[in-house]
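For reference, the structure discussed in these notes is given below.
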Amino acid sequence: MQTYKILVPDAHLRDLAVESAISGNQFEYLIYDETDPAGIPEKHWRECDGILVWHRMRITPETVAILDNCKLIVRVGVGFDNVNVDACRQAGIAVSNVPNYGTTEVADHALAMLLYLARGLGTYEKRLKTDPVKGFVAEGAPVVRRLRGLTFGAIGLGRIGTAVARRAAAFDMNVVYYDPYLSEGHELGIGFERKHSLEELLAASDVVSLHVPLSNETRAMINDDLLSKFQDNSIFINIARGGLVDIDALFRALKSGKLAAAGLDVLPAEPPLSVPSLIEAWRNEEEWIAGRFIVSPHAAFYSEAGYVDMRTFSVEIMLDFLLRDKVRNNVNPGWEKHSR
């Protein structure tokens with residue numbers, strides 16, 4: 001039986017018990033916890049049959065050039081912007097992601113952020129911690145409002161966008177969405193109102209939630225110009241990718257009062273070694289932002305069950321490809337034209 005060498009360049013966990021239980025003795029894992037390709041011996045890049053890459057290692061064209069034997073790169077997660085798919089395509093290397101894990105966790109997280117802001121939980125918690133007697137007051141929280149009857153606007157209605165929209169509908173919100181990549185008539189099957197431009201969606205929405213992949217087309221799509229088209233006093237949620245949002249523009253929209261509140265699970269740089277002004281104001285508990293902003297550390301995907309799913313599905317995709325010539329969740333179509 002052939003044993004395949006699988007490189008894991010940026011493993012969160014050195015113990016690959018989940019992965020090994022699935023692959024048995026068919027895979028030999030080369031495990032590192034690096035963010036720089038130079039931290040891994042070139043020999044292992046050249047000899048590996050496949051790569052399981054998380055989100056901290058970037059697979060650049062320079063790295064692809066030394067993948068002499070690699071046949072498949074699996075992104076252990078959904079977003080694959082850290083893998084240069086064009087370079088992989090030209091090298092005849094397939095790239096797959098894992099889209100079918102964590103959807104419920106991410107959707108729950110988005111609604112949790114919305115509820116935290118719209119029900120004033122941060123304000124109430126701080127008041128009661130400061131003074132349990134004088135702080136025992138419901139009135140005066142900056143964002144509190146009734147969700148029923150508000151319009152929830154989803155930018156992108158893929159798996160996660162749909163899951164979030166369904167939860168918003170369960171809170172008696174009116175759901176609208178914008179997604180130019182879905183076929184005509186999609187709205188008839190999903191039962192939500194479709195908008196035909198971003199501007200039309202923003203003008204109608206009290207809450208805007210972002211659900212698109214990061215690409216050259218979408219990078220910094222939430223900028224000063226687009227934020228000016230949001231409804232006054234609306235709420236913005238991003239649990240997709242940090243690079244979709246110009247965080248300084250978001251800072252300006254919140255500080256000016258254009259936006260009522262915002263929740264972010266993702267940031268342009270993670271962790272934020274150079275702390276953006278918005279995060280600094282939140283950390284310093286500046287009065288203007290109190291109760292109007294919430295951030296979490298790219299954690300929306302996480303639960304113990306979701307983590308196991310993500311790791312399990314990644315290895316199954318690799319096994320299907322190397323042992324059975326079965327391609328799953330391919331994100332760089334055309335790679336086979338250059339196949340070795």
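Following the order of the structure tokens, first chain is A, next is B, and so on, with residues numbered from 1 inside each chain and ligands from 1 in the order they appear.
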Can you list, as a short mmCIF file (atom, residue, chain, number, x, y, z; two decimals) with N, CA and C atoms, in the first residue's frame, every residue of region 203-309 of chain A that DSSP puts in alpha helix (DSSP H)?
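part.cif was written with the following content:
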```
data_model
loop_
_atom_site.label_atom_id
_atom_site.label_comp_id
_atom_site.auth_asym_id
_atom_site.auth_seq_id
_atom_site.Cartn_x
_atom_site.Cartn_y
_atom_site.Cartn_z
N ALA A 203 -30.37 50.81 0.85
CA ALA A 203 -31.42 51.79 1.09
C ALA A 203 -32.60 51.19 1.83
N ALA A 204 -32.77 49.86 1.73
CA ALA A 204 -33.93 49.19 2.33
C ALA A 204 -33.64 48.58 3.70
N ASP A 224 -15.81 54.11 2.34
CA ASP A 224 -16.51 55.36 2.64
C ASP A 224 -17.70 55.57 1.71
N ASP A 225 -17.49 55.30 0.42
CA ASP A 225 -18.56 55.55 -0.54
C ASP A 225 -19.77 54.67 -0.28
N LEU A 226 -19.53 53.37 -0.07
CA LEU A 226 -20.66 52.47 0.15
C LEU A 226 -21.32 52.72 1.50
N LEU A 227 -20.52 53.01 2.52
CA LEU A 227 -21.09 53.28 3.84
C LEU A 227 -21.98 54.52 3.81
N ILE A 247 -11.54 49.24 7.48
CA ILE A 247 -11.87 49.41 8.89
C ILE A 247 -11.77 50.87 9.33
N ASP A 248 -10.95 51.66 8.65
CA ASP A 248 -10.89 53.08 8.98
C ASP A 248 -12.15 53.80 8.51
N ALA A 249 -12.69 53.37 7.38
CA ALA A 249 -13.96 53.94 6.91
C ALA A 249 -15.09 53.56 7.87
N LEU A 250 -15.04 52.33 8.38
CA LEU A 250 -16.06 51.91 9.35
C LEU A 250 -15.94 52.74 10.63
N PHE A 251 -14.73 53.02 11.06
CA PHE A 251 -14.49 53.89 12.21
C PHE A 251 -15.16 55.25 12.00
N ARG A 252 -14.97 55.81 10.81
CA ARG A 252 -15.55 57.13 10.53
C ARG A 252 -17.07 57.08 10.50
N ALA A 253 -17.62 56.01 9.94
CA ALA A 253 -19.08 55.89 9.86
C ALA A 253 -19.71 55.75 11.24
N LEU A 254 -19.03 55.05 12.14
CA LEU A 254 -19.53 54.91 13.51
C LEU A 254 -19.36 56.20 14.30
N LYS A 255 -18.20 56.81 14.20
CA LYS A 255 -17.94 58.00 15.00
C LYS A 255 -18.81 59.17 14.57
N SER A 277 -7.66 52.20 14.58
CA SER A 277 -8.24 53.23 15.44
C SER A 277 -9.56 52.76 16.05
N LEU A 278 -10.34 52.02 15.27
CA LEU A 278 -11.64 51.54 15.77
C LEU A 278 -11.44 50.60 16.97
N ILE A 279 -10.50 49.68 16.85
CA ILE A 279 -10.24 48.73 17.94
C ILE A 279 -9.65 49.46 19.14
N GLU A 280 -8.79 50.44 18.88
CA GLU A 280 -8.19 51.20 19.97
C GLU A 280 -9.26 51.97 20.75
N ALA A 281 -10.19 52.58 20.04
CA ALA A 281 -11.27 53.31 20.72
C ALA A 281 -12.13 52.37 21.55
N TRP A 282 -12.39 51.19 21.02
CA TRP A 282 -13.18 50.19 21.75
C TRP A 282 -12.43 49.69 22.98
N ARG A 283 -11.13 49.43 22.84
CA ARG A 283 -10.33 48.96 23.97
C ARG A 283 -10.26 50.01 25.07
N GLU A 304 -16.48 22.78 19.29
CA GLU A 304 -15.71 21.53 19.27
C GLU A 304 -16.18 20.62 18.14
N ALA A 305 -17.49 20.56 17.96
CA ALA A 305 -18.05 19.71 16.90
C ALA A 305 -17.66 20.24 15.52
N GLY A 306 -17.72 21.57 15.35
CA GLY A 306 -17.36 22.16 14.07
C GLY A 306 -15.89 21.95 13.74
N TYR A 307 -15.04 22.03 14.76
CA TYR A 307 -13.61 21.83 14.58
C TYR A 307 -13.32 20.41 14.09
N VAL A 308 -13.98 19.45 14.69
CA VAL A 308 -13.81 18.05 14.27
C VAL A 308 -14.29 17.86 12.84
N ASP A 309 -15.43 18.46 12.51
CA ASP A 309 -15.95 18.38 11.14
C ASP A 309 -14.94 18.91 10.13
#
```
Please identify all polymer residues within 8 Å of His44 (chain A), counting only C-alpha atoms, omitting same-chain residues fewer than 4 positions from it, and present them as a count of residues only. 4
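Those residues that approach Ala65 (chain A) to within 9 Å, counting only C-alpha atoms, are Thr60, Pro61, Glu62, Asp68, Ala87, Cys88 and Ala91 of chain A; same-chain residues fewer than 3 positions away are not listed.
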What would the file look like if the residues just selected were written as a PDB file, in the first residue's frame with N, CA, C and O atoms?
```
ATOM      1  N   THR A  60       2.185  31.047  -1.956  1.00  0.00           N
ATOM      2  CA  THR A  60       2.479  32.040  -2.982  1.00  0.00           C
ATOM      3  C   THR A  60       2.984  31.360  -4.258  1.00  0.00           C
ATOM      4  O   THR A  60       3.335  30.174  -4.241  1.00  0.00           O
ATOM      5  N   PRO A  61       3.076  32.101  -5.357  1.00  0.00           N
ATOM      6  CA  PRO A  61       3.650  31.511  -6.575  1.00  0.00           C
ATOM      7  C   PRO A  61       5.064  30.982  -6.364  1.00  0.00           C
ATOM      8  O   PRO A  61       5.442  29.971  -6.961  1.00  0.00           O
ATOM      9  N   GLU A  62       5.837  31.643  -5.493  1.00  0.00           N
ATOM     10  CA  GLU A  62       7.200  31.181  -5.211  1.00  0.00           C
ATOM     11  C   GLU A  62       7.184  29.818  -4.523  1.00  0.00           C
ATOM     12  O   GLU A  62       8.025  28.955  -4.815  1.00  0.00           O
ATOM     13  N   ASP A  68       7.145  20.104  -6.325  1.00  0.00           N
ATOM     14  CA  ASP A  68       7.463  19.184  -7.423  1.00  0.00           C
ATOM     15  C   ASP A  68       6.493  18.015  -7.513  1.00  0.00           C
ATOM     16  O   ASP A  68       6.256  17.480  -8.604  1.00  0.00           O
ATOM     17  N   ALA A  87      -1.701  30.384  -9.610  1.00  0.00           N
ATOM     18  CA  ALA A  87      -0.393  29.715  -9.715  1.00  0.00           C
ATOM     19  C   ALA A  87      -0.562  28.205  -9.611  1.00  0.00           C
ATOM     20  O   ALA A  87       0.091  27.443 -10.339  1.00  0.00           O
ATOM     21  N   CYS A  88      -1.452  27.772  -8.729  1.00  0.00           N
ATOM     22  CA  CYS A  88      -1.703  26.326  -8.597  1.00  0.00           C
ATOM     23  C   CYS A  88      -2.307  25.757  -9.866  1.00  0.00           C
ATOM     24  O   CYS A  88      -1.940  24.653 -10.308  1.00  0.00           O
ATOM     25  N   ALA A  91       0.237  25.230 -12.438  1.00  0.00           N
ATOM     26  CA  ALA A  91       1.146  24.132 -12.072  1.00  0.00           C
ATOM     27  C   ALA A  91       0.451  22.779 -12.100  1.00  0.00           C
ATOM     28  O   ALA A  91       1.083  21.754 -11.830  1.00  0.00           O
TER      29      ALA A  91
END
```
Please, which residues in region 208-282 of chain A fall within 9 Å of region 80-85 of chain A when counting only C-alpha atoms, and what is the closest atom pair and distance in Å to one decimal for each, ordered by chain then residue number, as JSON lines?
```
{"residue": "A:Pro213", "atom": "CA", "partner": "A:Asp81", "partner_atom": "CA", "distance": 8.3}
{"residue": "A:Leu214", "atom": "CA", "partner": "A:Asp81", "partner_atom": "CA", "distance": 6.4}
{"residue": "A:Ser215", "atom": "CA", "partner": "A:Asp81", "partner_atom": "CA", "distance": 7.0}
```
Residues near Tyr32 (chain A), anyone? I mean within 8 Å using only C-alpha atoms, not counting same-chain ones fewer than 5 positions away, as number ranges by chain. A: 8-11, 14, 40
Which of these residues is nearest to Arg167 (chain A), using only C-alpha atoms: A:Asp108, A:Asn97, A:Glu316, A:His196?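 Of A:Asp108, A:Asn97, A:Glu316, A:His196, the one nearest Arg167 (chain A), counting only C-alpha atoms, is A:Asp108.
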Work out how far CA of Ala169 (chain A) is from CA of Leu121 (chain A), in Å to one decimal.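 Computed distance, CA of Leu121 (chain A) to CA of Ala169 (chain A), equals 21.3 Å.
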Give me the residues within 10 Å of Ala163 (chain A) as a PDB file with C-alpha atoms, in the first residue's frame, counting only C-alpha atoms and dropping any in the same chain fewer than 5 places off.
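So part-v3.pdb came out as:
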```pdb
ATOM      1  CA  THR A 103     -22.258  26.993   8.888  1.00  0.00           C
ATOM      2  CA  THR A 104     -24.589  26.812  11.878  1.00  0.00           C
ATOM      3  CA  GLU A 105     -21.926  28.157  14.253  1.00  0.00           C
ATOM      4  CA  VAL A 106     -21.172  31.161  12.028  1.00  0.00           C
ATOM      5  CA  ALA A 107     -24.861  31.910  11.526  1.00  0.00           C
ATOM      6  CA  ASP A 108     -25.519  31.684  15.258  1.00  0.00           C
ATOM      7  CA  ALA A 110     -23.900  36.636  13.505  1.00  0.00           C
ATOM      8  CA  LEU A 157     -26.835  34.366  -0.029  1.00  0.00           C
ATOM      9  CA  GLY A 158     -24.715  31.251  -0.148  1.00  0.00           C
ATOM     10  CA  ALA A 168     -33.209  36.714  11.063  1.00  0.00           C
TER      11      ALA A 168
END
```
